[in-house]
$ cat entry30.pdb   # PDB, C-alpha atoms and all ligand atoms
MODEL        1
ATOM      1  CA  MET O   1      19.524  81.568 -12.698
ATOM      2  CA  GLU O   2      21.036  80.891 -16.043
ATOM      3  CA  SER O   3      18.627  80.549 -18.861
ATOM      4  CA  GLY O   4      19.451  79.925 -22.449
ATOM      5  CA  PRO O   5      20.005  77.198 -25.035
ATOM      6  CA  ASP O   6      21.994  75.033 -22.579
ATOM      7  CA  SER O   7      19.303  74.703 -19.911
ATOM      8  CA  LEU O   8      16.664  74.165 -22.573
ATOM      9  CA  PHE O   9      18.755  71.275 -23.880
ATOM     10  CA  VAL O  10      19.019  69.757 -20.370
ATOM     11  CA  THR O  11      15.261  70.075 -19.847
ATOM     12  CA  LEU O  12      14.596  68.379 -23.170
ATOM     13  CA  LEU O  13      16.956  65.535 -22.257
ATOM     14  CA  LEU O  14      15.218  65.073 -18.924
ATOM     15  CA  LEU O  15      11.832  65.030 -20.611
ATOM     16  CA  LEU O  16      13.017  62.484 -23.157
ATOM     17  CA  HIS O  17      14.520  60.339 -20.428
ATOM     18  CA  SER O  18      11.429  60.347 -18.262
ATOM     19  CA  SER O  19       9.140  59.628 -21.195
ATOM     20  CA  HIS O  20      11.403  56.705 -22.052
ATOM     21  CA  SER O  21      11.202  55.065 -18.595
ATOM     22  CA  GLU O  22       7.500  55.883 -18.503
ATOM     23  CA  SER O  23       7.063  53.787 -21.655
ATOM     24  CA  GLU O  24       8.795  50.819 -19.985
ATOM     25  CA  ARG O  25       6.516  50.856 -16.988
ATOM     26  CA  PHE O  26       4.044  48.025 -16.870
ATOM     27  CA  GLU O  27       2.139  45.847 -14.496
ATOM     28  CA  VAL O  28       2.108  42.054 -14.601
ATOM     29  CA  LEU O  29      -1.415  40.692 -14.357
ATOM     30  CA  GLY O  30      -3.041  37.275 -14.167
ATOM     31  CA  PRO O  31      -5.559  35.280 -12.165
ATOM     32  CA  THR O  32      -6.073  36.079  -8.487
ATOM     33  CA  ASP O  33      -7.841  32.770  -7.759
ATOM     34  CA  THR O  34      -6.028  29.498  -7.244
ATOM     35  CA  ILE O  35      -5.777  27.351 -10.358
ATOM     36  CA  LEU O  36      -6.934  23.753  -9.861
ATOM     37  CA  ALA O  37      -5.057  21.550 -12.327
ATOM     38  CA  VAL O  38      -6.100  17.980 -13.048
ATOM     39  CA  ALA O  39      -3.158  15.588 -13.283
ATOM     40  CA  GLY O  40      -2.413  14.601 -16.861
ATOM     41  CA  ASP O  41      -3.985  17.719 -18.389
ATOM     42  CA  ASP O  42      -2.199  20.522 -20.237
ATOM     43  CA  ILE O  43      -2.807  23.878 -18.562
ATOM     44  CA  ILE O  44      -2.100  27.559 -19.180
ATOM     45  CA  LEU O  45      -0.847  29.778 -16.372
ATOM     46  CA  PRO O  46      -2.088  33.198 -17.532
ATOM     47  CA  CYS O  47       0.230  36.180 -17.197
ATOM     48  CA  TYR O  48       0.322  39.371 -19.259
ATOM     49  CA  LEU O  49       1.556  42.951 -19.306
ATOM     50  CA  LYS O  50      -0.617  45.981 -18.833
ATOM     51  CA  PRO O  51      -0.364  48.055 -20.955
ATOM     52  CA  ASN O  52      -0.005  45.328 -23.541
ATOM     53  CA  ILE O  53       3.475  46.323 -24.739
ATOM     54  CA  SER O  54       5.833  43.819 -26.317
ATOM     55  CA  ALA O  55       7.740  41.476 -24.021
ATOM     56  CA  GLU O  56       9.931  40.197 -26.874
ATOM     57  CA  ASP O  57      13.002  42.055 -25.586
ATOM     58  CA  MET O  58      12.345  41.472 -21.896
ATOM     59  CA  THR O  59      13.331  38.656 -19.563
ATOM     60  CA  VAL O  60      10.415  36.367 -18.719
ATOM     61  CA  ASP O  61      11.057  34.155 -15.711
ATOM     62  CA  TRP O  62       8.660  31.516 -14.414
ATOM     63  CA  LEU O  63       9.544  30.132 -10.990
ATOM     64  CA  ASN O  64       7.929  27.641  -8.658
ATOM     65  CA  LEU O  65       8.621  29.190  -5.265
ATOM     66  CA  ASP O  66       8.159  25.826  -3.545
ATOM     67  CA  PHE O  67      11.446  24.701  -5.125
ATOM     68  CA  LYS O  68      14.581  26.119  -3.534
ATOM     69  CA  ASP O  69      16.650  26.181  -6.705
ATOM     70  CA  GLY O  70      16.096  26.369 -10.393
ATOM     71  CA  ARG O  71      13.491  27.753 -12.670
ATOM     72  CA  VAL O  72      10.424  26.459 -14.414
ATOM     73  CA  TYR O  73      11.211  28.496 -17.541
ATOM     74  CA  ARG O  74      13.339  31.431 -18.706
ATOM     75  CA  TYR O  75      13.152  33.535 -21.852
ATOM     76  CA  GLN O  76      15.918  36.110 -22.294
ATOM     77  CA  ASN O  77      17.583  37.896 -25.220
ATOM     78  CA  ARG O  78      14.877  36.428 -27.460
ATOM     79  CA  LYS O  79      15.958  32.904 -26.563
ATOM     80  CA  ILE O  80      14.815  30.077 -24.299
ATOM     81  CA  ILE O  81      17.426  29.598 -21.557
ATOM     82  CA  ARG O  82      17.530  25.970 -20.494
ATOM     83  CA  GLU O  83      20.235  26.150 -17.841
ATOM     84  CA  ASP O  84      18.978  25.798 -14.287
ATOM     85  CA  GLN O  85      15.627  24.393 -15.327
ATOM     86  CA  ILE O  86      14.090  22.237 -12.588
ATOM     87  CA  PRO O  87      14.428  18.668 -13.968
ATOM     88  CA  SER O  88      10.769  17.758 -13.485
ATOM     89  CA  TYR O  89       9.752  20.558 -15.904
ATOM     90  CA  ILE O  90      12.090  19.576 -18.754
ATOM     91  CA  GLY O  91      10.148  19.142 -21.965
ATOM     92  CA  ARG O  92       6.817  20.212 -20.464
ATOM     93  CA  THR O  93       6.904  24.018 -20.528
ATOM     94  CA  SER O  94       6.627  26.661 -23.230
ATOM     95  CA  LEU O  95       5.603  30.268 -23.800
ATOM     96  CA  PHE O  96       3.313  31.331 -26.606
ATOM     97  CA  GLU O  97       6.128  33.037 -28.477
ATOM     98  CA  GLU O  98       3.785  34.392 -31.141
ATOM     99  CA  GLU O  99       1.922  36.232 -28.369
ATOM    100  CA  LEU O 100       4.926  37.946 -26.743
ATOM    101  CA  TRP O 101       4.708  41.033 -28.985
ATOM    102  CA  ARG O 102       1.434  41.926 -27.334
ATOM    103  CA  GLY O 103       2.562  41.354 -23.788
ATOM    104  CA  ASN O 104       1.176  37.842 -23.342
ATOM    105  CA  THR O 105       3.712  35.903 -21.264
ATOM    106  CA  SER O 106       1.421  33.014 -20.240
ATOM    107  CA  LEU O 107       3.084  29.669 -19.611
ATOM    108  CA  LYS O 108       1.882  26.399 -21.071
ATOM    109  CA  LEU O 109       2.503  23.405 -18.815
ATOM    110  CA  SER O 110       1.887  19.959 -20.306
ATOM    111  CA  ARG O 111       0.956  16.674 -18.622
ATOM    112  CA  VAL O 112       0.447  18.094 -15.121
ATOM    113  CA  GLN O 113       1.911  15.941 -12.338
ATOM    114  CA  GLY O 114       1.961  16.033  -8.544
ATOM    115  CA  THR O 115       5.284  17.857  -8.254
ATOM    116  CA  ASP O 116       3.817  20.806 -10.221
ATOM    117  CA  GLU O 117       1.794  22.007  -7.245
ATOM    118  CA  GLY O 118       3.053  25.263  -5.771
ATOM    119  CA  HIS O 119       3.242  29.034  -5.936
ATOM    120  CA  TYR O 120       4.351  30.241  -9.349
ATOM    121  CA  LYS O 121       5.987  33.588  -9.906
ATOM    122  CA  CYS O 122       5.738  35.226 -13.330
ATOM    123  CA  PHE O 123       8.583  37.753 -13.248
ATOM    124  CA  ILE O 124       9.072  40.176 -16.135
ATOM    125  CA  LYS O 125      12.129  42.363 -16.351
ATOM    126  CA  ALA O 126      12.769  45.163 -18.834
ATOM    127  CA  LYS O 127      15.901  47.347 -18.891
ATOM    128  CA  SER O 128      14.804  49.701 -16.169
ATOM    129  CA  TRP O 129      11.648  48.190 -14.785
ATOM    130  CA  ASP O 130      10.354  44.886 -13.518
ATOM    131  CA  HIS O 131       7.213  43.528 -11.974
ATOM    132  CA  ASP O 132       5.834  40.118 -11.033
ATOM    133  CA  LEU O 133       2.758  38.139 -10.177
ATOM    134  CA  ILE O 134       2.230  35.053  -8.013
ATOM    135  CA  ILE O 135      -0.267  32.327  -8.932
ATOM    136  CA  GLN O 136      -1.153  29.374  -6.744
ATOM    137  CA  VAL O 137      -1.612  26.012  -8.463
ATOM    138  CA  LEU O 138      -3.192  22.958  -6.824
ATOM    139  CA  VAL O 139      -2.895  19.571  -8.479
ATOM    140  CA  LYS O 140      -5.732  17.089  -8.261
ATOM    141  CA  ALA O 141      -5.300  13.390  -9.002
ATOM    142  CA  VAL O 142      -7.890  10.739  -8.159
ATOM    143  CA  GLY O 143      -6.148   7.440  -7.547
ATOM    144  CA  SER O 144      -6.999   3.897  -8.558
ATOM    145  CA  LYS O 145      -9.844   1.825  -7.166
ATOM    146  CA  PRO O 146      -8.393   0.198  -4.051
ATOM    147  CA  VAL O 147      -7.194  -3.367  -4.504
ATOM    148  CA  VAL O 148      -7.812  -5.641  -1.521
ATOM    149  CA  SER O 149      -5.787  -8.804  -1.058
ATOM    150  CA  ILE O 150      -6.264 -11.532   1.502
ATOM    151  CA  GLU O 151      -3.066 -12.284   3.336
ATOM    152  CA  GLY O 152      -4.284 -15.355   5.203
ATOM    153  CA  HIS O 153      -4.863 -16.182   8.838
ATOM    154  CA  ARG O 154      -3.336 -13.686  11.222
ATOM    155  CA  GLU O 155      -3.604 -13.477  14.973
ATOM    156  CA  GLY O 156      -6.951 -15.220  15.194
ATOM    157  CA  GLY O 157      -8.497 -13.321  12.282
ATOM    158  CA  MET O 158      -8.000 -12.798   8.571
ATOM    159  CA  GLY O 159      -5.285 -10.440   7.373
ATOM    160  CA  LEU O 160      -6.279  -8.080   4.557
ATOM    161  CA  LEU O 161      -4.216  -5.540   2.661
ATOM    162  CA  CYS O 162      -5.633  -2.563   0.775
ATOM    163  CA  GLU O 163      -3.665  -0.522  -1.736
ATOM    164  CA  SER O 164      -4.484   2.431  -4.005
ATOM    165  CA  GLU O 165      -2.123   4.479  -6.146
ATOM    166  CA  GLY O 166      -1.933   7.717  -8.102
ATOM    167  CA  TRP O 167      -3.318  10.276  -5.635
ATOM    168  CA  HIS O 168      -2.657  13.958  -5.110
ATOM    169  CA  PRO O 169      -2.726  15.489  -2.560
ATOM    170  CA  GLU O 170      -1.911  12.739  -0.061
ATOM    171  CA  PRO O 171      -5.067  10.688   0.658
ATOM    172  CA  GLU O 172      -6.326   8.979   3.785
ATOM    173  CA  LEU O 173      -7.159   5.265   3.928
ATOM    174  CA  VAL O 174      -9.791   3.827   6.266
ATOM    175  CA  TRP O 175     -11.085   0.312   6.814
ATOM    176  CA  LEU O 176     -14.797  -0.019   7.662
ATOM    177  CA  ASN O 177     -17.062  -2.862   8.647
ATOM    178  CA  SER O 178     -20.513  -3.330   7.107
ATOM    179  CA  LYS O 179     -22.012  -0.859   9.607
ATOM    180  CA  GLY O 180     -19.597   1.853   8.551
ATOM    181  CA  VAL O 181     -17.604   1.612  11.768
ATOM    182  CA  HIS O 182     -13.877   2.303  11.420
ATOM    183  CA  LEU O 183     -11.710  -0.736  12.079
ATOM    184  CA  PHE O 184      -8.487  -0.523  13.974
ATOM    185  CA  ALA O 185      -5.769  -1.077  11.387
ATOM    186  CA  GLY O 186      -2.004  -0.999  11.113
ATOM    187  CA  PRO O 187      -0.121   2.216  10.360
ATOM    188  CA  PRO O 188      -0.712   3.612   6.844
ATOM    189  CA  GLU O 189       2.221   3.183   4.466
ATOM    190  CA  ILE O 190       2.560   6.136   2.141
ATOM    191  CA  HIS O 191       4.932   6.443  -0.791
ATOM    192  CA  ARG O 192       5.417   9.370  -3.142
ATOM    193  CA  ASP O 193       6.730   8.583  -6.611
ATOM    194  CA  PHE O 194       9.083  10.806  -8.615
ATOM    195  CA  LYS O 195       6.136  12.556 -10.286
ATOM    196  CA  GLY O 196       4.711  13.466  -6.897
ATOM    197  CA  PHE O 197       1.781  11.017  -6.838
ATOM    198  CA  TYR O 198       0.936   9.115  -3.661
ATOM    199  CA  THR O 199       0.406   5.399  -3.122
ATOM    200  CA  VAL O 200      -1.207   4.383   0.148
ATOM    201  CA  LYS O 201      -1.575   0.933   1.645
ATOM    202  CA  GLN O 202      -2.686  -0.440   4.971
ATOM    203  CA  HIS O 203      -2.998  -3.853   6.606
ATOM    204  CA  VAL O 204      -5.929  -4.846   8.797
ATOM    205  CA  ILE O 205      -6.889  -8.015  10.658
ATOM    206  CA  VAL O 206     -10.625  -8.670  10.576
ATOM    207  CA  GLN O 207     -12.643 -11.026  12.735
ATOM    208  CA  GLU O 208     -15.631 -12.951  11.467
ATOM    209  CA  THR O 209     -18.881 -10.923  11.587
ATOM    210  CA  ASP O 210     -22.486 -11.719  10.646
ATOM    211  CA  THR O 211     -22.025 -10.231   7.150
ATOM    212  CA  ASN O 212     -18.260 -10.600   6.621
ATOM    213  CA  ARG O 213     -18.334  -7.507   4.441
ATOM    214  CA  PHE O 214     -15.453  -5.087   4.778
ATOM    215  CA  THR O 215     -14.740  -1.872   2.946
ATOM    216  CA  CYS O 216     -11.468  -0.164   2.175
ATOM    217  CA  ARG O 217     -12.038   3.532   1.485
ATOM    218  CA  VAL O 218      -9.387   5.931   0.230
ATOM    219  CA  GLN O 219     -10.411   9.569   0.416
ATOM    220  CA  GLN O 220      -9.033  13.063  -0.127
ATOM    221  CA  SER O 221     -11.194  15.755   1.442
ATOM    222  CA  GLN O 222      -9.463  18.782  -0.141
ATOM    223  CA  ILE O 223     -10.450  17.595  -3.604
ATOM    224  CA  ASN O 224     -13.631  15.928  -2.341
ATOM    225  CA  GLU O 225     -12.903  12.537  -3.889
ATOM    226  CA  LYS O 226     -13.063   8.978  -2.648
ATOM    227  CA  MET O 227     -12.672   5.484  -4.048
ATOM    228  CA  GLU O 228     -13.681   2.323  -2.249
ATOM    229  CA  THR O 229     -13.766  -1.435  -2.604
ATOM    230  CA  GLU O 230     -15.975  -3.791  -0.630
ATOM    231  CA  VAL O 231     -14.977  -7.396  -0.060
ATOM    232  CA  HIS O 232     -17.171 -10.235   1.087
ATOM    233  CA  LEU O 233     -15.273 -13.054   2.750
ATOM    234  CA  PRO O 234     -17.063 -16.425   2.876
ATOM    235  CA  SER O 235     -17.295 -17.364   6.558
ATOM    236  CA  GLU O 236     -15.541 -20.654   5.708
ATOM    237  CA  LEU O 237     -12.390 -18.642   5.060
ATOM    238  CA  PHE O 238     -12.152 -18.057   8.776
ATOM    239  CA  ASP O 239     -11.993 -21.831   9.320
ATOM    240  CA  THR O 240      -8.379 -22.825   9.862
ATOM    241  CA  THR O 241      -8.612 -26.521   8.853
ATOM    242  CA  PRO O 242      -6.461 -26.824   5.682
ATOM    243  CA  LEU O 243      -8.532 -29.462   3.845
ATOM    244  CA  ARG O 244     -11.733 -27.612   4.486
ATOM    245  CA  MET O 245     -10.035 -24.429   3.263
ATOM    246  CA  ALA O 246      -9.152 -26.029  -0.046
ATOM    247  CA  PHE O 247     -12.649 -27.353  -0.574
ATOM    248  CA  ILE O 248     -14.276 -24.053   0.296
ATOM    249  CA  VAL O 249     -11.980 -21.925  -1.774
ATOM    250  CA  LEU O 250     -12.468 -24.124  -4.841
ATOM    251  CA  CYS O 251     -16.212 -24.110  -4.338
ATOM    252  CA  CYS O 252     -16.280 -20.359  -3.897
ATOM    253  CA  LEU O 253     -14.221 -19.646  -6.964
ATOM    254  CA  GLY O 254     -17.061 -20.969  -9.052
ATOM    255  CA  ALA O 255     -19.557 -18.734  -7.332
ATOM    256  CA  ALA O 256     -17.452 -15.596  -7.152
ATOM    257  CA  GLY O 257     -18.934 -14.074 -10.270
ATOM    258  CA  ASP O 258     -22.349 -13.266  -8.924
ATOM    259  CA  SER O 259     -22.217 -13.586  -5.186
ATOM    260  CA  HIS O 260     -19.555 -10.969  -4.490
ATOM    261  CA  VAL O 261     -20.467  -7.445  -5.388
ATOM    262  CA  ASN O 262     -17.810  -5.845  -7.627
ATOM    263  CA  THR O 263     -15.085  -7.985  -6.155
ATOM    264  CA  GLY O 264     -15.238 -11.201  -8.160
ATOM    265  CA  ASP O 265     -11.816 -10.636  -9.697
ATOM    266  CA  SER O 266      -9.944  -9.754  -6.583
ATOM    267  CA  LEU O 267     -11.587 -12.530  -4.597
ATOM    268  CA  PHE O 268     -10.396 -15.006  -7.189
ATOM    269  CA  PHE O 269      -6.789 -13.935  -6.969
ATOM    270  CA  LEU O 270      -6.946 -13.590  -3.260
ATOM    271  CA  SER O 271      -8.397 -16.999  -2.771
ATOM    272  CA  ALA O 272      -5.594 -18.315  -4.921
ATOM    273  CA  GLY O 273      -3.174 -16.592  -2.588
ATOM    274  CA  VAL O 274      -4.807 -18.179   0.426
ATOM    275  CA  ILE O 275      -4.565 -21.660  -1.027
ATOM    276  CA  ILE O 276      -0.904 -21.229  -1.797
ATOM    277  CA  ASP O 277      -0.423 -19.858   1.648
ATOM    278  CA  GLU O 278      -2.227 -22.694   3.373
ATOM    279  CA  LEU O 279      -1.624 -25.737   1.216
ATOM    280  CA  LYS O 280       1.453 -24.878  -0.833
ATOM    281  CA  LEU O 281      -0.304 -25.745  -4.098
ATOM    282  CA  GLN O 282       1.005 -24.356  -7.359
ATOM    283  CA  PRO O 283      -0.923 -21.329  -8.663
ATOM    284  CA  VAL O 284      -0.767 -22.880 -12.150
ATOM    285  CA  ASN O 285      -3.289 -25.514 -11.116
ATOM    286  CA  LEU O 286      -5.738 -22.867 -10.122
ATOM    287  CA  MET O 287      -5.438 -20.921 -13.334
ATOM    288  CA  THR O 288      -6.807 -23.887 -15.263
ATOM    289  CA  LEU O 289     -10.101 -23.606 -13.403
ATOM    290  CA  PRO O 290     -12.890 -21.856 -15.282
ATOM    291  CA  ILE O 291     -12.879 -18.220 -14.207
ATOM    292  CA  PRO O 292     -16.406 -16.832 -13.834
ATOM    293  CA  VAL O 293     -17.093 -13.765 -15.933
ATOM    294  CA  ALA O 294     -18.043 -10.911 -13.662
ATOM    295  CA  GLY O 295     -21.402  -9.624 -14.716
TER     296      GLY O 295
HETATM  297  C1  LIG T   1      -3.828  46.242 -26.526
HETATM  298  O1  LIG T   1      -4.852  46.758 -25.670
HETATM  299  C2  LIG T   1      -5.707  47.640 -26.318
HETATM  300  C3  LIG T   1      -6.605  48.277 -25.265
HETATM  301  O2  LIG T   1      -6.994  47.357 -24.282
HETATM  302  C4  LIG T   1      -6.495  46.902 -27.384
HETATM  303  O3  LIG T   1      -7.404  47.756 -28.037
HETATM  304  C5  LIG T   1      -5.510  46.315 -28.384
HETATM  305  O4  LIG T   1      -6.199  45.532 -29.316
HETATM  306  C6  LIG T   1      -4.458  45.477 -27.667
HETATM  307  N1  LIG T   1      -3.437  45.126 -28.643
HETATM  308  C7  LIG T   1      -3.056  43.881 -28.821
HETATM  309  C8  LIG T   1      -1.962  43.703 -29.808
HETATM  310  O5  LIG T   1      -3.538  42.947 -28.224
HETATM  311  C1  LIG T   2      -2.294  34.410 -24.252
HETATM  312  O1  LIG T   2      -2.176  33.414 -25.252
HETATM  313  C2  LIG T   2      -2.858  32.216 -24.979
HETATM  314  C3  LIG T   2      -2.559  31.232 -26.093
HETATM  315  O2  LIG T   2      -2.923  31.743 -27.344
HETATM  316  C4  LIG T   2      -4.341  32.493 -24.823
HETATM  317  O3  LIG T   2      -5.014  31.302 -24.486
HETATM  318  C5  LIG T   2      -4.545  33.535 -23.747
HETATM  319  O4  LIG T   2      -5.930  33.871 -23.671
HETATM  320  C6  LIG T   2      -3.741  34.773 -24.049
HETATM  321  N1  LIG T   2      -3.879  35.700 -22.953
HETATM  322  C7  LIG T   2      -4.113  36.990 -23.137
HETATM  323  C8  LIG T   2      -4.195  37.831 -21.928
HETATM  324  O5  LIG T   2      -4.235  37.476 -24.249
ENDMDL
END

$ encode --input "entry30.pdb" --output "structure tokens"
Amino acid sequence: MESGPDSLFVTLLLLLHSSHSESERFEVLGPTDTILAVAGDDIILPCYLKPNISAEDMTVDWLNLDFKDGRVYRYQNRKIIREDQIPSYIGRTSLFEEELWRGNTSLKLSRVQGTDEGHYKCFIKAKSWDHDLIIQVLVKAVGSKPVVSIEGHREGGMGLLCESEGWHPEPELVWLNSKGVHLFAGPPEIHRDFKGFYTVKQHVIVQETDTNRFTCRVQQSQINEKMETEVHLPSELFDTTPLRMAFIVLCCLGAAGDSHVNTGDSLFFLSAGVIIDELKLQPVNLMTLPIPVAG
């Protein structure tokens, strides 16, 4: 074995090299629990290096693994790289750049929307080392109070339509009678808007009952939320004689304010719809009637 200044030099180089890559080694840490984000809020997806070395000269990539292409955010060569950003994230993401020097690579996401749900990867790459972390984000949005409209006489009963918008995840809509029994209804119509929020609507044909109270309930069990609207149809509405219809609807408009729990407004508009439907009157005439103030 040769021993002398040369081998000492090689040993020193090796030592220096290994201590260098040792100093680049880090772990990427963050929450292990799912993050529940409320639609419309600004949230922070925590992610940081351990040990807390500077990430200023590293590449910080944030990905949503539920999207095939593109990135949520990229920081590289001390710059924000905007190419290949998923369009729905444009203008809503940032890092805390003043925190990078101490290894804080958390992402700020503004105005959370339905399409933000997914599995996020925080990927940090240094020259000779990289590591990542995956965080699950669920988005919760409680939709609008269902709006019920009367569609008029249908197949021997009264056609009703219920609609509620702005939900995430996708909700379920059920029609109930006053005893809480599910009514057989048409197929649910579900639409997802470009922000990932769901609108649901469903038609039902109801027959006259002793109470004539019907409830449209929209519920989402994963987020444990529901919204419902009850309507009370005057039994005269089920009468198909046009003149009687007109008389009853006009009479009931005046009483809508107190006799119909929480539904005075919709009943007014709906009744208007029924009159137009049945008698071809102009809606303008109706609007001149005194509208009862819901109390
Ligand atoms: C880095 O971590 C150490 C030990 O946890 C802590 O004492 C120090 O304040 C941290 N430095 C920064 C810049 O956050
Ligand atoms: C990172 O910075 C953000 C914004 O200042 C802060 O809320 C968060 O607690 C920081 N995380 C860590 C690990 O220091």

$ resolve_selection --input "entry30.pdb" --expression "the PyMOL selection byres (((chain O and resi 172) around 8) and not hetatm)" --output "ChimeraX atom specification"
/O:170-171,173-174,200,218-220

$ closest_atom_pairs --input "entry30.pdb" --of "chain O" --to "ligand LIG 2 (chain T)" --cutoff "10 Å" --atoms "all atoms listed in the file" --output "Markdown table"
| residue | atom | partner | partner_atom | distance |
| --- | --- | --- | --- | --- |
| O:Leu29 | CA | T:LIG2 | C8 | 8.6 |
| O:Gly30 | CA | T:LIG2 | C8 | 7.9 |
| O:Ile43 | CA | T:LIG2 | O3 | 9.8 |
| O:Ile44 | CA | T:LIG2 | O3 | 7.1 |
| O:Leu45 | CA | T:LIG2 | C5 | 9.1 |
| O:Pro46 | CA | T:LIG2 | N1 | 6.2 |
| O:Cys47 | CA | T:LIG2 | C8 | 6.7 |
| O:Tyr48 | CA | T:LIG2 | C8 | 5.5 |
| O:Leu49 | CA | T:LIG2 | C8 | 8.1 |
| O:Lys50 | CA | T:LIG2 | C8 | 9.4 |
| O:Asn52 | CA | T:LIG2 | C8 | 8.7 |
| O:Leu95 | CA | T:LIG2 | O1 | 8.5 |
| O:Phe96 | CA | T:LIG2 | C3 | 5.9 |
| O:Glu97 | CA | T:LIG2 | O1 | 8.9 |
| O:Glu98 | CA | T:LIG2 | O2 | 8.2 |
| O:Glu99 | CA | T:LIG2 | O1 | 5.9 |
| O:Leu100 | CA | T:LIG2 | C1 | 8.4 |
| O:Arg102 | CA | T:LIG2 | O5 | 7.8 |
| O:Gly103 | CA | T:LIG2 | O5 | 7.8 |
| O:Asn104 | CA | T:LIG2 | C1 | 5.0 |
| O:Thr105 | CA | T:LIG2 | C1 | 6.9 |
| O:Ser106 | CA | T:LIG2 | C1 | 5.6 |
| O:Leu107 | CA | T:LIG2 | C2 | 8.4 |
| O:Lys108 | CA | T:LIG2 | C3 | 8.3 |

$ write_last_selection --input "entry30.pdb" --atoms "C-alpha atoms" --output "compact mmCIF listing (two decimals), in the frame of the given file"
# COMPACT_ATOMS: atom_id res chain seq x y z
CA LEU O 29 -1.42 40.69 -14.36
CA GLY O 30 -3.04 37.28 -14.17
CA ILE O 43 -2.81 23.88 -18.56
CA ILE O 44 -2.10 27.56 -19.18
CA LEU O 45 -0.85 29.78 -16.37
CA PRO O 46 -2.09 33.20 -17.53
CA CYS O 47 0.23 36.18 -17.20
CA TYR O 48 0.32 39.37 -19.26
CA LEU O 49 1.56 42.95 -19.31
CA LYS O 50 -0.62 45.98 -18.83
CA ASN O 52 0.00 45.33 -23.54
CA LEU O 95 5.60 30.27 -23.80
CA PHE O 96 3.31 31.33 -26.61
CA GLU O 97 6.13 33.04 -28.48
CA GLU O 98 3.78 34.39 -31.14
CA GLU O 99 1.92 36.23 -28.37
CA LEU O 100 4.93 37.95 -26.74
CA ARG O 102 1.43 41.93 -27.33
CA GLY O 103 2.56 41.35 -23.79
CA ASN O 104 1.18 37.84 -23.34
CA THR O 105 3.71 35.90 -21.26
CA SER O 106 1.42 33.01 -20.24
CA LEU O 107 3.08 29.67 -19.61
CA LYS O 108 1.88 26.40 -21.07

$ resolve_selection --input "entry30.pdb" --expression "the PyMOL selection byres (((chain O and resi 112) around 8) and not hetatm)" --output "PyMOL selection string"
chain O and resi 37-43+109-111+113-114+116+139

$ residues_around --input "entry30.pdb" --residues "Val204 (chain O)" --least-positions-apart "3" --cutoff "6 Å" --atoms "all atoms listed in the file" --output "PyMOL selection string"
chain O and resi 159-160+185-186

$ write_last_selection --input "entry30.pdb" --atoms "C-alpha atoms" --output "PDB file, keeping the file's coordinate frame"
ATOM      1  CA  GLY O 159      -5.285 -10.440   7.373  1.00  0.00           C
ATOM      2  CA  LEU O 160      -6.279  -8.080   4.557  1.00  0.00           C
ATOM      3  CA  ALA O 185      -5.769  -1.077  11.387  1.00  0.00           C
ATOM      4  CA  GLY O 186      -2.004  -0.999  11.113  1.00  0.00           C
TER       5      GLY O 186
END

$ residues_near_point --input "entry30.pdb" --point "(-24.8, -8.5, 5.8)" --cutoff "12 Å" --atoms "all atoms listed in the file" --output "short mmCIF file (atom, residue, chain, number, x, y, z; two decimals) with C-alpha atoms, in the frame of the given file"
data_model
loop_
_atom_site.label_atom_id
_atom_site.label_comp_id
_atom_site.auth_asym_id
_atom_site.auth_seq_id
_atom_site.Cartn_x
_atom_site.Cartn_y
_atom_site.Cartn_z
CA ASN O 177 -17.06 -2.86 8.65
CA SER O 178 -20.51 -3.33 7.11
CA LYS O 179 -22.01 -0.86 9.61
CA GLY O 180 -19.60 1.85 8.55
CA GLU O 208 -15.63 -12.95 11.47
CA THR O 209 -18.88 -10.92 11.59
CA ASP O 210 -22.49 -11.72 10.65
CA THR O 211 -22.02 -10.23 7.15
CA ASN O 212 -18.26 -10.60 6.62
CA ARG O 213 -18.33 -7.51 4.44
CA PHE O 214 -15.45 -5.09 4.78
CA GLU O 230 -15.98 -3.79 -0.63
CA VAL O 231 -14.98 -7.40 -0.06
CA HIS O 232 -17.17 -10.24 1.09
CA LEU O 233 -15.27 -13.05 2.75
CA PRO O 234 -17.06 -16.42 2.88
CA SER O 235 -17.30 -17.36 6.56
CA HIS O 260 -19.56 -10.97 -4.49
#

$ atom_distance --input "entry30.pdb" --atom1 "CA of Glu236 (chain O)" --atom2 "CA of Glu151 (chain O)"
15.2 Å

$ resolve_selection --input "entry30.pdb" --expression "the PyMOL selection byres (((chain O and resi 175) around 6) and not hetatm)" --output "list of chain:residue names"
O:Val174, O:Leu176, O:His182, O:Leu183, O:Thr215, O:Cys216

$ atom_distance --input "entry30.pdb" --atom1 "CA of Arg25 (chain O)" --atom2 "CA of Val60 (chain O)"
15.1 Å

$ atom_distance --input "entry30.pdb" --atom1 "atom O5 of ligand LIG 1 (chain T)" --atom2 "CA of Trp62 (chain O)"
21.7 Å

$ closest_residue --input "entry30.pdb" --among "O:Glu24, O:Trp101, O:Gln76, O:Asp61" --to "ligand LIG 1 (chain T)" --atoms "all atoms listed in the file"
O:Trp101

$ axis_aligned_box --input "entry30.pdb" --around "region 141-157 of chain O" --padding-each-side "6 Å" --output "lines of an AutoDock Vina configuration file"
center_x = -6.5
center_y = -1.4
center_z = 3.1
size_x = 18.8
size_y = 41.6
size_z = 36.2

$ residues_around --input "entry30.pdb" --residues "Asp84 (chain O)" --least-positions-apart "3" --cutoff "9 Å" --atoms "all atoms listed in the file" --output "ChimeraX atom specification"
/O:69-73,81,87

$ closest_residue --input "entry30.pdb" --among "O:Val147, O:Ile205, O:Ile53, O:Cys162" --to "ligand LIG 1 (chain T)" --atoms "only C-alpha atoms and all ligand atoms"
O:Ile53
